[in-house]
file start_16.pdb (PDB, C-alpha atoms, pLDDT in the B column)
MODEL        1
ATOM      1  CA  MET A   1     -13.129  72.475 112.825  1.00 62.00           C
ATOM      2  CA  SER A   2      -9.350  72.442 112.666  1.00 72.00           C
ATOM      3  CA  ARG A   3      -7.482  70.166 110.319  1.00 77.00           C
ATOM      4  CA  VAL A   4      -5.526  67.184 111.488  1.00 72.00           C
ATOM      5  CA  LYS A   5      -1.817  67.179 110.698  1.00 67.00           C
ATOM      6  CA  TYR A   6      -0.263  63.798 110.224  1.00 67.00           C
ATOM      7  CA  LEU A   7       3.165  63.289 111.671  1.00 66.00           C
ATOM      8  CA  SER A   8       5.573  61.682 109.311  1.00 66.00           C
ATOM      9  CA  THR A   9       7.034  58.668 110.980  1.00 72.00           C
ATOM     10  CA  VAL A  10      10.420  57.585 109.767  1.00 72.00           C
ATOM     11  CA  ASN A  11      11.404  53.989 110.249  1.00 83.00           C
ATOM     12  CA  GLN A  12      15.003  54.106 111.450  1.00 87.00           C
ATOM     13  CA  THR A  13      15.777  50.629 110.123  1.00 87.00           C
ATOM     14  CA  GLU A  14      14.592  51.521 106.618  1.00 90.00           C
ATOM     15  CA  GLN A  15      16.602  54.739 106.703  1.00 91.00           C
ATOM     16  CA  LYS A  16      19.778  52.902 107.788  1.00 92.00           C
ATOM     17  CA  VAL A  17      19.435  50.300 105.026  1.00 91.00           C
ATOM     18  CA  VAL A  18      18.909  52.962 102.346  1.00 92.00           C
ATOM     19  CA  GLU A  19      21.874  55.004 103.597  1.00 93.00           C
ATOM     20  CA  LEU A  20      24.081  51.915 103.676  1.00 94.00           C
ATOM     21  CA  LEU A  21      23.199  50.696 100.188  1.00 94.00           C
ATOM     22  CA  TYR A  22      23.042  54.007  98.361  1.00 94.00           C
ATOM     23  CA  GLY A  23      26.118  55.328 100.164  1.00 94.00           C
ATOM     24  CA  ALA A  24      28.029  52.273  98.971  1.00 95.00           C
ATOM     25  CA  MET A  25      26.723  52.790  95.431  1.00 95.00           C
ATOM     26  CA  GLU A  26      28.150  56.321  95.424  1.00 95.00           C
ATOM     27  CA  ARG A  27      31.428  55.192  96.975  1.00 95.00           C
ATOM     28  CA  GLU A  28      31.816  52.399  94.402  1.00 94.00           C
ATOM     29  CA  GLY A  29      30.756  54.681  91.543  1.00 95.00           C
ATOM     30  CA  LEU A  30      28.020  52.322  90.358  1.00 94.00           C
ATOM     31  CA  GLN A  31      24.847  53.366  88.587  1.00 94.00           C
ATOM     32  CA  LYS A  32      21.400  52.177  89.677  1.00 94.00           C
ATOM     33  CA  ARG A  33      21.003  50.128  86.498  1.00 95.00           C
ATOM     34  CA  ASP A  34      24.277  48.282  87.180  1.00 94.00           C
ATOM     35  CA  VAL A  35      23.273  47.399  90.736  1.00 94.00           C
ATOM     36  CA  ALA A  36      19.773  46.419  89.620  1.00 95.00           C
ATOM     37  CA  ALA A  37      21.233  44.077  86.993  1.00 95.00           C
ATOM     38  CA  ALA A  38      23.553  42.515  89.577  1.00 93.00           C
ATOM     39  CA  LEU A  39      20.553  41.923  91.841  1.00 93.00           C
ATOM     40  CA  GLY A  40      18.502  40.433  88.995  1.00 94.00           C
ATOM     41  CA  MET A  41      15.849  43.152  88.970  1.00 95.00           C
ATOM     42  CA  THR A  42      14.859  46.157  86.905  1.00 96.00           C
ATOM     43  CA  THR A  43      15.867  49.690  87.793  1.00 96.00           C
ATOM     44  CA  ALA A  44      12.206  50.449  88.566  1.00 96.00           C
ATOM     45  CA  THR A  45      12.143  47.612  91.099  1.00 96.00           C
ATOM     46  CA  LEU A  46      15.324  48.919  92.723  1.00 94.00           C
ATOM     47  CA  LEU A  47      13.741  52.366  93.026  1.00 94.00           C
ATOM     48  CA  ARG A  48      10.638  50.816  94.639  1.00 94.00           C
ATOM     49  CA  ARG A  49      12.889  48.992  97.085  1.00 92.00           C
ATOM     50  CA  ARG A  50      14.460  52.352  97.996  1.00 91.00           C
ATOM     51  CA  LYS A  51      11.033  53.663  98.979  1.00 91.00           C
ATOM     52  CA  SER A  52      10.280  50.488 100.914  1.00 90.00           C
ATOM     53  CA  PRO A  53      13.621  48.841 101.759  1.00 89.00           C
ATOM     54  CA  LEU A  54      12.105  46.243 104.060  1.00 87.00           C
ATOM     55  CA  ASP A  55      10.760  44.601 100.881  1.00 91.00           C
ATOM     56  CA  PHE A  56      14.288  43.491  99.963  1.00 92.00           C
ATOM     57  CA  THR A  57      14.645  39.741 100.225  1.00 92.00           C
ATOM     58  CA  LEU A  58      17.538  38.269 102.149  1.00 91.00           C
ATOM     59  CA  GLY A  59      19.035  37.010  98.891  1.00 93.00           C
ATOM     60  CA  GLU A  60      18.844  40.469  97.325  1.00 93.00           C
ATOM     61  CA  LEU A  61      20.547  42.023 100.349  1.00 93.00           C
ATOM     62  CA  GLN A  62      23.308  39.399 100.236  1.00 93.00           C
ATOM     63  CA  LYS A  63      23.890  40.061  96.527  1.00 94.00           C
ATOM     64  CA  ALA A  64      23.906  43.807  97.186  1.00 94.00           C
ATOM     65  CA  CYS A  65      26.519  43.394  99.909  1.00 94.00           C
ATOM     66  CA  ARG A  66      28.755  41.347  97.610  1.00 94.00           C
ATOM     67  CA  THR A  67      28.300  43.743  94.689  1.00 94.00           C
ATOM     68  CA  LEU A  68      28.858  46.875  96.761  1.00 95.00           C
ATOM     69  CA  HIS A  69      31.610  45.418  98.982  1.00 95.00           C
ATOM     70  CA  ILE A  70      29.619  45.952 102.167  1.00 95.00           C
ATOM     71  CA  PRO A  71      30.700  43.787 105.114  1.00 95.00           C
ATOM     72  CA  ILE A  72      27.821  41.608 106.292  1.00 92.00           C
ATOM     73  CA  ASP A  73      28.340  42.936 109.830  1.00 93.00           C
ATOM     74  CA  ASP A  74      27.524  46.460 108.592  1.00 93.00           C
ATOM     75  CA  LEU A  75      24.273  45.195 107.100  1.00 91.00           C
ATOM     76  CA  ARG A  76      23.491  43.252 110.259  1.00 91.00           C
ATOM     77  CA  SER A  77      23.984  46.358 112.411  1.00 91.00           C
ATOM     78  CA  ALA A  78      21.766  48.400 110.070  1.00 88.00           C
ATOM     79  CA  ILE A  79      18.825  46.017 110.360  1.00 84.00           C
ATOM     80  CA  THR A  80      19.188  45.260 114.054  1.00 80.00           C
ATOM     81  CA  LEU A  81      16.993  47.360 116.286  1.00 62.00           C
TER      82      LEU A  81
ENDMDL
END
call {"tool": "encode", "arguments": {"input": "start_16.pdb", "output": "structure tokens"}}
result
Amino acid sequence: MSRVKYLSTVNQTEQKVVELLYGAMEREGLQKRDVAAALGMTTATLLRRRKSPLDFTLGELQKACRTLHIPIDDLRSAITL
């Protein structure tokens, strides 16, 4: 019997949010620990959110936008289907 190959499905919304946030972190020159502290979470939690960005709360995303100087419209376009 042949083996089944699972297709990796990439959620476009998750990918856009990660690119937006981590791209802004690089542009601003901020470390993960600095952003995590600004969001009120540990670095480990921030890394978990990177793997599953839809787990970010609205408050965390708002804080991230303020910290990383991301216009709210950019965030809105990233999470809109």
call {"tool": "atom_distance", "arguments": {"input": "start_16.pdb", "atom1": "atom CA of A:Leu75", "atom2": "atom CA of A:Leu20"}}
result
7.5 Å
call {"tool": "resolve_selection", "arguments": {"input": "start_16.pdb", "expression": "the PyMOL selection byres ((chain A and resi 11) around 12)", "output": "ChimeraX atom specification"}}
result
/A:8-10,12-18,51-54,78-79,81
call {"tool": "residues_around", "arguments": {"input": "start_16.pdb", "residues": "A:Leu46", "least_positions_apart": "2", "cutoff": "10 Å", "atoms": "only C-alpha atoms", "output": "PyMOL selection string"}}
result
chain A and resi 32-33+35-37+39-44+48-53+56
call {"tool": "residues_around", "arguments": {"input": "start_16.pdb", "residues": "A:Ile72", "least_positions_apart": "5", "cutoff": "10 Å", "atoms": "all atoms listed in the file", "output": "list in words"}}
result
Leu61, Gln62, Cys65, Arg66, Ser77 and Ala78 of chain A
call {"tool": "atom_distance", "arguments": {"input": "start_16.pdb", "atom1": "atom CA of A:Leu47", "atom2": "atom CA of A:Tyr22"}}
result
10.8 Å
call {"tool": "closest_residue", "arguments": {"input": "start_16.pdb", "among": "A:Leu21, A:Thr45, A:Gln31, A:Val4", "to": "A:Asp74", "atoms": "all atoms listed in the file"}}
result
A:Leu21
call {"tool": "axis_aligned_box", "arguments": {"input": "start_16.pdb", "around": "stretch 9-22 of chain A", "padding_each_side": "5 Å", "output": "JSON"}}
result
{"center_x": 15.6, "center_y": 54.5, "center_z": 104.9, "size_x": 27.0, "size_y": 18.4, "size_z": 23.1}
call {"tool": "atom_distance", "arguments": {"input": "start_16.pdb", "atom1": "atom CA of A:Asp34", "atom2": "atom CA of A:Leu58"}}
result
19.2 Å
call {"tool": "resolve_selection", "arguments": {"input": "start_16.pdb", "expression": "the PyMOL selection byres ((chain A and resi 24) around 10)", "output": "PyMOL selection string"}}
result
chain A and resi 18-23+25-30+64-65+67-70
